[in-house]
>>> print(open('my_file-v3.txt').read())   # compact mmCIF, C-alpha atoms
# COMPACT_ATOMS: atom_id res chain seq x y z
CA MET Y 1 -170.50 -93.53 -10.32
CA GLU Y 2 -170.96 -90.25 -12.14
CA ARG Y 3 -173.89 -87.96 -11.64
CA SER Y 4 -175.38 -85.11 -13.59
CA PHE Y 5 -177.98 -82.42 -13.13
CA VAL Y 6 -180.80 -82.51 -15.67
CA MET Y 7 -183.78 -80.18 -15.86
CA ILE Y 8 -186.89 -80.40 -17.98
CA LYS Y 9 -187.65 -76.78 -18.77
CA PRO Y 10 -191.06 -75.05 -18.73
CA ASP Y 11 -191.75 -75.81 -22.41
CA GLY Y 12 -191.37 -79.54 -21.76
CA LEU Y 13 -194.03 -79.41 -19.05
CA LYS Y 14 -196.32 -77.06 -20.97
CA ARG Y 15 -196.19 -79.32 -24.02
CA GLY Y 16 -196.81 -82.48 -21.95
CA VAL Y 17 -193.64 -84.33 -23.00
CA ALA Y 18 -191.94 -84.58 -19.58
CA ASN Y 19 -192.71 -88.28 -19.07
CA ARG Y 20 -191.48 -89.14 -22.57
CA VAL Y 21 -188.29 -87.17 -21.92
CA ILE Y 22 -187.67 -89.03 -18.65
CA GLN Y 23 -188.20 -92.35 -20.45
CA TYR Y 24 -185.15 -91.68 -22.67
CA PHE Y 25 -182.91 -91.84 -19.58
CA ILE Y 26 -184.63 -94.90 -18.14
CA ASP Y 27 -184.34 -96.70 -21.49
CA ALA Y 28 -180.61 -95.88 -21.52
CA GLY Y 29 -180.19 -97.69 -18.18
CA LEU Y 30 -179.52 -94.53 -16.16
CA ASN Y 31 -180.78 -94.00 -12.61
CA ILE Y 32 -182.84 -91.00 -11.59
CA THR Y 33 -181.80 -90.66 -7.96
CA ALA Y 34 -183.59 -87.39 -7.18
CA LYS Y 35 -186.48 -85.62 -8.87
CA LYS Y 36 -188.68 -82.68 -7.99
CA GLU Y 37 -191.12 -80.46 -9.81
CA MET Y 38 -190.81 -76.85 -8.79
CA GLN Y 39 -191.49 -73.25 -9.73
CA VAL Y 40 -188.18 -71.40 -10.17
CA ASP Y 41 -187.74 -67.89 -8.80
CA ARG Y 42 -185.62 -65.26 -10.58
CA ASP Y 43 -182.76 -65.55 -8.07
CA LEU Y 44 -182.34 -69.29 -8.67
CA ALA Y 45 -182.72 -68.83 -12.44
CA LEU Y 46 -179.92 -66.25 -12.53
CA LYS Y 47 -177.69 -68.37 -10.27
CA HIS Y 48 -178.16 -71.35 -12.58
CA TYR Y 49 -176.53 -69.49 -15.47
CA ALA Y 50 -173.01 -68.37 -14.59
CA ASP Y 51 -172.36 -64.65 -14.31
CA SER Y 52 -168.92 -64.61 -15.93
CA ASP Y 53 -167.38 -63.34 -19.15
CA GLU Y 54 -166.24 -66.90 -19.87
CA TRP Y 55 -169.82 -68.18 -19.76
CA TYR Y 56 -171.15 -65.19 -21.72
CA ALA Y 57 -168.50 -65.68 -24.41
CA SER Y 58 -169.23 -69.41 -24.66
CA VAL Y 59 -172.98 -68.96 -25.04
CA GLY Y 60 -172.68 -65.84 -27.16
CA SER Y 61 -170.19 -67.49 -29.53
CA LYS Y 62 -172.70 -70.26 -30.29
CA THR Y 63 -175.34 -67.68 -31.15
CA VAL Y 64 -172.97 -65.59 -33.25
CA ALA Y 65 -171.92 -68.72 -35.16
CA SER Y 66 -175.55 -69.70 -35.74
CA TYR Y 67 -176.36 -66.26 -37.12
CA GLN Y 68 -173.34 -66.37 -39.40
CA LYS Y 69 -174.27 -69.87 -40.62
CA GLN Y 70 -177.75 -68.66 -41.50
CA GLY Y 71 -176.53 -65.40 -43.06
CA LEU Y 72 -178.47 -63.29 -40.54
CA ASP Y 73 -177.46 -59.91 -39.13
CA ILE Y 74 -176.94 -60.44 -35.39
CA ASN Y 75 -176.64 -56.67 -34.82
CA LYS Y 76 -180.36 -56.27 -35.59
CA VAL Y 77 -181.29 -58.38 -32.57
CA PHE Y 78 -178.44 -57.79 -30.11
CA GLY Y 79 -177.00 -54.45 -31.24
CA SER Y 80 -173.59 -56.13 -31.28
CA ASN Y 81 -171.74 -59.17 -32.56
CA ASP Y 82 -169.55 -59.33 -29.44
CA PRO Y 83 -170.15 -62.79 -27.91
CA VAL Y 84 -170.01 -61.39 -24.35
CA VAL Y 85 -172.71 -58.80 -25.09
CA VAL Y 86 -174.82 -61.45 -26.82
CA GLY Y 87 -174.29 -63.90 -23.93
CA LYS Y 88 -175.39 -61.35 -21.33
CA GLN Y 89 -178.68 -60.80 -23.16
CA ILE Y 90 -179.23 -64.52 -23.59
CA ARG Y 91 -178.68 -65.09 -19.84
CA GLN Y 92 -181.45 -62.59 -19.09
CA TRP Y 93 -183.80 -64.26 -21.60
CA MET Y 94 -182.99 -67.69 -20.17
CA ALA Y 95 -183.78 -66.55 -16.63
CA ILE Y 96 -187.12 -65.12 -17.79
CA PHE Y 97 -187.87 -68.43 -19.52
CA LEU Y 98 -187.04 -70.56 -16.44
CA VAL Y 99 -189.47 -68.59 -14.25
CA SER Y 100 -192.27 -68.84 -16.87
CA GLY Y 101 -193.55 -72.17 -15.55
CA PRO Y 102 -192.67 -75.20 -13.47
CA VAL Y 103 -189.59 -77.33 -14.20
CA ILE Y 104 -188.55 -80.84 -13.22
CA ALA Y 105 -185.08 -80.92 -11.66
CA MET Y 106 -183.30 -84.29 -11.55
CA ILE Y 107 -180.07 -85.94 -10.54
CA ILE Y 108 -179.21 -88.78 -12.89
CA GLU Y 109 -176.47 -91.28 -12.08
CA GLY Y 110 -174.64 -93.98 -13.95
CA PRO Y 111 -171.14 -95.28 -14.62
CA GLU Y 112 -168.23 -93.10 -15.70
CA GLY Y 113 -169.17 -91.31 -18.92
CA THR Y 114 -172.77 -90.71 -17.84
CA ILE Y 115 -172.59 -86.94 -18.36
CA GLN Y 116 -171.60 -87.40 -22.00
CA LYS Y 117 -174.18 -90.15 -22.46
CA ILE Y 118 -176.89 -87.80 -21.16
CA ARG Y 119 -175.72 -85.02 -23.47
CA ASP Y 120 -175.84 -87.44 -26.41
CA ILE Y 121 -179.41 -88.43 -25.45
CA VAL Y 122 -180.44 -84.78 -25.14
CA GLY Y 123 -179.06 -83.77 -28.57
CA ALA Y 124 -177.75 -80.50 -29.99
CA THR Y 125 -178.67 -77.32 -28.11
CA SER Y 126 -180.91 -76.05 -30.89
CA PRO Y 127 -183.65 -78.48 -31.93
CA GLU Y 128 -183.14 -77.50 -35.58
CA TYR Y 129 -179.67 -79.10 -35.45
CA ALA Y 130 -180.51 -82.05 -33.17
CA GLU Y 131 -180.49 -85.53 -34.68
CA ARG Y 132 -183.59 -87.72 -34.72
CA GLY Y 133 -183.53 -90.18 -31.85
CA THR Y 134 -182.45 -87.47 -29.38
CA ILE Y 135 -184.83 -85.63 -27.06
CA ARG Y 136 -184.47 -82.31 -28.87
CA GLY Y 137 -184.44 -83.93 -32.30
CA ASP Y 138 -187.65 -85.84 -31.62
CA HIS Y 139 -189.58 -83.27 -29.59
CA GLY Y 140 -187.97 -79.84 -30.13
CA ILE Y 141 -189.74 -77.27 -32.30
CA ASP Y 142 -187.80 -74.02 -31.78
CA SER Y 143 -184.77 -72.41 -33.44
CA TYR Y 144 -182.18 -69.78 -32.52
CA ALA Y 145 -183.37 -67.46 -35.29
CA LYS Y 146 -187.01 -67.64 -34.20
CA ALA Y 147 -186.25 -67.24 -30.50
CA ASN Y 148 -183.74 -64.42 -30.91
CA GLY Y 149 -185.99 -62.67 -33.43
CA GLU Y 150 -188.76 -62.73 -30.83
CA GLY Y 151 -186.41 -61.51 -28.08
CA ARG Y 152 -186.59 -64.64 -25.94
CA ALA Y 153 -184.67 -67.73 -24.92
CA LEU Y 154 -184.46 -70.79 -27.11
CA GLU Y 155 -187.10 -73.25 -25.93
CA ASN Y 156 -185.22 -76.55 -26.15
CA LEU Y 157 -187.02 -78.68 -23.55
CA ILE Y 158 -184.11 -79.69 -21.36
CA HIS Y 159 -180.85 -78.73 -19.68
CA ALA Y 160 -178.06 -81.21 -18.96
CA SER Y 161 -174.75 -80.45 -17.24
CA GLU Y 162 -171.72 -80.28 -19.56
CA SER Y 163 -169.06 -81.51 -17.11
CA VAL Y 164 -168.51 -83.07 -13.70
CA VAL Y 165 -167.64 -79.64 -12.27
CA GLU Y 166 -170.77 -78.05 -13.72
CA ALA Y 167 -172.91 -80.98 -12.53
CA GLU Y 168 -171.70 -80.66 -8.95
CA ARG Y 169 -172.24 -76.87 -8.99
CA GLU Y 170 -175.76 -77.30 -10.33
CA ILE Y 171 -176.63 -80.15 -7.96
CA ALA Y 172 -175.51 -77.99 -5.04
CA LEU Y 173 -177.72 -75.18 -6.29
CA TRP Y 174 -180.85 -77.21 -7.04
CA PHE Y 175 -180.45 -80.02 -4.47
CA PRO Y 176 -178.35 -78.49 -1.66
CA GLU Y 177 -179.33 -81.34 0.67
CA LEU Y 178 -177.68 -83.84 -1.72
CA ALA Y 179 -174.53 -81.91 -2.69
CA SER Y 180 -171.09 -83.45 -2.16
CA SER Y 181 -169.32 -82.10 0.89
>>> encode(input="my_file-v3.txt", output="structure tokens")
Amino acid sequence: MERSFVMIKPDGLKRGVANRVIQYFIDAGLNITAKKEMQVDRDLALKHYADSDEWYASVGSKTVASYQKQGLDINKVFGSNDPVVVGKQIRQWMAIFLVSGPVIAMIIEGPEGTIQKIRDIVGATSPEYAERGTIRGDHGIDSYAKANGEGRALENLIHASESVVEAEREIALWFPELASS
């Protein structure tokens, strides 16, 4: 069995789509083995997003690429086109977003390949690029350009772990009582 951490973010609850989002996983034959609605504090929000140059560069590179694709000047928003600088700002915006309202944290299990299956169900990070039939493609309404232009995190409804290692780290953080020893 493979397990993943999945979180419905504050915009999903505010917009009333949480039950529809959960149904995607049930319809795919996956098992929700733990679920809790909670208000996130700033400490947990910052711990959720890694504090490392590797993470900053990964997240920042996606944003830089999106700006380039759209022909926008990233320096106007971030004062830099360095992915690490961009990633650090995005981490702060993401933490602010996570504390803005309740979330639903879940552990979802299934056979080997479940993490990728979940990521396929969730869709591309930015709703504007997500395919129809995915959570973000069907229910997302935000874009990188809009969010960054407004100085805030991208509201994309949901987070899903990218790897087994990330899933176990996030499960330990959000469900310490259920973490692997």
>>> closest_residue(input="my_file-v3.txt", among="Y:Gly12, Y:Gly110, Y:Gly60, Y:Pro83", to="Gly140 (chain Y)", atoms="all atoms listed in the file")
Y:Gly12
>>> closest_atom_pairs(input="my_file-v3.txt", of="region 137-160 of chain Y", to="region 122-125 of chain Y", cutoff="8 Å", atoms="all atoms listed in the file", output="tab-separated table")
residue	atom	partner	partner_atom	distance
Y:Gly137	CA	Y:Gly123	CA	6.5
Y:Asn156	CA	Y:Thr125	CA	6.9
Y:Ile158	CA	Y:Val122	CA	7.3
Y:Ala160	CA	Y:Val122	CA	7.5
>>> write_last_selection(input="my_file-v3.txt", atoms="C-alpha atoms", output="compact mmCIF listing (two decimals), in the coordinates of the input")
# COMPACT_ATOMS: atom_id res chain seq x y z
CA GLY Y 137 -184.44 -83.93 -32.30
CA ASN Y 156 -185.22 -76.55 -26.15
CA ILE Y 158 -184.11 -79.69 -21.36
CA ALA Y 160 -178.06 -81.21 -18.96
>>> closest_residue(input="my_file-v3.txt", among="Y:Glu54, Y:Gly149, Y:Arg119, Y:Glu162", to="Asn75 (chain Y)", atoms="all atoms listed in the file")
Y:Gly149
>>> residues_around(input="my_file-v3.txt", residues="Gly87 (chain Y)", least_positions_apart="6", cutoff="8 Å", atoms="all atoms listed in the file", output="JSON list (two decimals) with C-alpha atoms, in the frame of the given file")
[["chain", "number", "residue", "atom", "x", "y", "z"],
["Y", 55, "TRP", "CA", -169.82, -68.18, -19.76],
["Y", 56, "TYR", "CA", -171.15, -65.19, -21.72],
["Y", 57, "ALA", "CA", -168.50, -65.68, -24.41],
["Y", 58, "SER", "CA", -169.23, -69.41, -24.66],
["Y", 59, "VAL", "CA", -172.98, -68.96, -25.04],
["Y", 60, "GLY", "CA", -172.68, -65.84, -27.16],
["Y", 61, "SER", "CA", -170.19, -67.49, -29.53]]
>>> atom_distance(input="my_file-v3.txt", atom1="CA of Ala153 (chain Y)", atom2="CA of Ile90 (chain Y)")
6.5 Å
>>> closest_residue(input="my_file-v3.txt", among="Y:Val6, Y:Ala105, Y:Ala45, Y:Ile74", to="Phe25 (chain Y)", atoms="all atoms listed in the file")
Y:Val6
>>> atom_distance(input="my_file-v3.txt", atom1="CA of Lys36 (chain Y)", atom2="CA of Arg152 (chain Y)")
25.5 Å
>>> atom_distance(input="my_file-v3.txt", atom1="CA of Gly113 (chain Y)", atom2="CA of Ile32 (chain Y)")
15.5 Å
>>> closest_residue(input="my_file-v3.txt", among="Y:Val21, Y:Ile121, Y:Val77, Y:Ile107", to="Glu150 (chain Y)", atoms="only C-alpha atoms")
Y:Val77
>>> closest_residue(input="my_file-v3.txt", among="Y:Val17, Y:Glu168, Y:Asp43, Y:Ser66", to="Glu128 (chain Y)", atoms="only C-alpha atoms")
Y:Ser66
>>> residues_around(input="my_file-v3.txt", residues="Lys76 (chain Y)", least_positions_apart="3", cutoff="12 Å", atoms="only C-alpha atoms", output="list in words")
Tyr67, Leu72, Asp73, Gly79, Ser80, Asn81, Val86, Ala145, Asn148, Gly149, Glu150 and Gly151 of chain Y
>>> write_last_selection(input="my_file-v3.txt", atoms="C-alpha atoms", output="compact mmCIF listing (two decimals), keeping the file's coordinate frame")
# COMPACT_ATOMS: atom_id res chain seq x y z
CA TYR Y 67 -176.36 -66.26 -37.12
CA LEU Y 72 -178.47 -63.29 -40.54
CA ASP Y 73 -177.46 -59.91 -39.13
CA GLY Y 79 -177.00 -54.45 -31.24
CA SER Y 80 -173.59 -56.13 -31.28
CA ASN Y 81 -171.74 -59.17 -32.56
CA VAL Y 86 -174.82 -61.45 -26.82
CA ALA Y 145 -183.37 -67.46 -35.29
CA ASN Y 148 -183.74 -64.42 -30.91
CA GLY Y 149 -185.99 -62.67 -33.43
CA GLU Y 150 -188.76 -62.73 -30.83
CA GLY Y 151 -186.41 -61.51 -28.08
>>> closest_residue(input="my_file-v3.txt", among="Y:Ala50, Y:Ala172, Y:Ala34, Y:Leu98", to="His159 (chain Y)", atoms="all atoms listed in the file")
Y:Leu98
>>> axis_aligned_box(input="my_file-v3.txt", around="region 143-151 of chain Y", padding_each_side="5 Å", output="lines of an AutoDock Vina configuration file")
center_x = -185.5
center_y = -67.0
center_z = -31.7
size_x = 16.6
size_y = 20.9
size_z = 17.2
>>> residues_around(input="my_file-v3.txt", residues="Asn19 (chain Y)", least_positions_apart="5", cutoff="12 Å", atoms="only C-alpha atoms", output="list of chain:residue names")
Y:Ile8, Y:Gly12, Y:Leu13, Y:Lys14, Y:Tyr24, Y:Phe25, Y:Ile26, Y:Ile104, Y:Ile135
>>> write_last_selection(input="my_file-v3.txt", atoms="C-alpha atoms", output="PDB file, keeping the file's coordinate frame")
ATOM      1  CA  ILE Y   8    -186.890 -80.400 -17.980  1.00  0.00           C
ATOM      2  CA  GLY Y  12    -191.370 -79.540 -21.760  1.00  0.00           C
ATOM      3  CA  LEU Y  13    -194.030 -79.410 -19.050  1.00  0.00           C
ATOM      4  CA  LYS Y  14    -196.320 -77.060 -20.970  1.00  0.00           C
ATOM      5  CA  TYR Y  24    -185.150 -91.680 -22.670  1.00  0.00           C
ATOM      6  CA  PHE Y  25    -182.910 -91.840 -19.580  1.00  0.00           C
ATOM      7  CA  ILE Y  26    -184.630 -94.900 -18.140  1.00  0.00           C
ATOM      8  CA  ILE Y 104    -188.550 -80.840 -13.220  1.00  0.00           C
ATOM      9  CA  ILE Y 135    -184.830 -85.630 -27.060  1.00  0.00           C
TER      10      ILE Y 135
END
>>> build_atoms(input="my_file-v3.txt", residues="region 7-36 of chain Y", atoms="N, CA and C atoms", output="compact mmCIF listing (two decimals), keeping the file's coordinate frame")
# COMPACT_ATOMS: atom_id res chain seq x y z
N MET Y 7 -182.55 -80.90 -16.14
CA MET Y 7 -183.78 -80.18 -15.86
C MET Y 7 -184.66 -80.17 -17.10
N ILE Y 8 -185.90 -80.56 -16.92
CA ILE Y 8 -186.89 -80.40 -17.98
C ILE Y 8 -187.45 -78.99 -17.80
N LYS Y 9 -187.31 -78.20 -18.83
CA LYS Y 9 -187.65 -76.78 -18.77
C LYS Y 9 -189.17 -76.56 -18.92
N PRO Y 10 -189.62 -75.32 -18.69
CA PRO Y 10 -191.06 -75.05 -18.73
C PRO Y 10 -191.76 -75.50 -20.02
N ASP Y 11 -191.09 -75.41 -21.17
CA ASP Y 11 -191.75 -75.81 -22.41
C ASP Y 11 -192.03 -77.31 -22.44
N GLY Y 12 -191.16 -78.10 -21.82
CA GLY Y 12 -191.37 -79.54 -21.76
C GLY Y 12 -192.62 -79.90 -20.96
N LEU Y 13 -192.84 -79.17 -19.86
CA LEU Y 13 -194.03 -79.41 -19.05
C LEU Y 13 -195.27 -78.86 -19.73
N LYS Y 14 -195.17 -77.66 -20.29
CA LYS Y 14 -196.32 -77.06 -20.97
C LYS Y 14 -196.79 -77.91 -22.15
N ARG Y 15 -195.86 -78.52 -22.85
CA ARG Y 15 -196.19 -79.32 -24.02
C ARG Y 15 -196.53 -80.78 -23.67
N GLY Y 16 -196.41 -81.14 -22.39
CA GLY Y 16 -196.81 -82.48 -21.95
C GLY Y 16 -195.88 -83.60 -22.37
N VAL Y 17 -194.59 -83.29 -22.57
CA VAL Y 17 -193.64 -84.33 -23.00
C VAL Y 17 -192.68 -84.76 -21.89
N ALA Y 18 -192.88 -84.29 -20.67
CA ALA Y 18 -191.94 -84.58 -19.58
C ALA Y 18 -191.76 -86.08 -19.35
N ASN Y 19 -192.84 -86.84 -19.32
CA ASN Y 19 -192.71 -88.28 -19.07
C ASN Y 19 -191.97 -88.98 -20.20
N ARG Y 20 -192.21 -88.55 -21.44
CA ARG Y 20 -191.48 -89.14 -22.57
C ARG Y 20 -190.00 -88.80 -22.49
N VAL Y 21 -189.69 -87.58 -22.06
CA VAL Y 21 -188.29 -87.17 -21.92
C VAL Y 21 -187.60 -88.04 -20.86
N ILE Y 22 -188.24 -88.21 -19.73
CA ILE Y 22 -187.67 -89.03 -18.65
C ILE Y 22 -187.44 -90.47 -19.13
N GLN Y 23 -188.32 -90.98 -19.96
CA GLN Y 23 -188.20 -92.35 -20.45
C GLN Y 23 -186.92 -92.57 -21.25
N TYR Y 24 -186.41 -91.55 -21.93
CA TYR Y 24 -185.15 -91.68 -22.67
C TYR Y 24 -184.02 -92.12 -21.73
N PHE Y 25 -183.98 -91.53 -20.54
CA PHE Y 25 -182.91 -91.84 -19.58
C PHE Y 25 -183.10 -93.23 -18.98
N ILE Y 26 -184.33 -93.57 -18.67
CA ILE Y 26 -184.63 -94.90 -18.14
C ILE Y 26 -184.27 -95.97 -19.17
N ASP Y 27 -184.65 -95.74 -20.42
CA ASP Y 27 -184.34 -96.70 -21.49
C ASP Y 27 -182.84 -96.87 -21.70
N ALA Y 28 -182.08 -95.83 -21.37
CA ALA Y 28 -180.61 -95.88 -21.52
C ALA Y 28 -179.95 -96.56 -20.32
N GLY Y 29 -180.74 -96.99 -19.34
CA GLY Y 29 -180.19 -97.69 -18.18
C GLY Y 29 -179.63 -96.77 -17.12
N LEU Y 30 -180.00 -95.48 -17.16
CA LEU Y 30 -179.52 -94.53 -16.16
C LEU Y 30 -180.49 -94.47 -14.99
N ASN Y 31 -179.97 -94.05 -13.83
CA ASN Y 31 -180.78 -94.00 -12.61
C ASN Y 31 -181.12 -92.57 -12.24
N ILE Y 32 -182.40 -92.30 -12.09
CA ILE Y 32 -182.84 -91.00 -11.59
C ILE Y 32 -182.89 -91.13 -10.08
N THR Y 33 -181.93 -90.49 -9.41
CA THR Y 33 -181.80 -90.66 -7.96
C THR Y 33 -182.48 -89.55 -7.17
N ALA Y 34 -182.84 -88.47 -7.83
CA ALA Y 34 -183.59 -87.39 -7.18
C ALA Y 34 -184.39 -86.68 -8.26
N LYS Y 35 -185.62 -86.30 -7.91
CA LYS Y 35 -186.48 -85.62 -8.87
C LYS Y 35 -187.48 -84.77 -8.12
N LYS Y 36 -187.65 -83.53 -8.58
CA LYS Y 36 -188.68 -82.68 -7.99
C LYS Y 36 -189.20 -81.70 -9.03
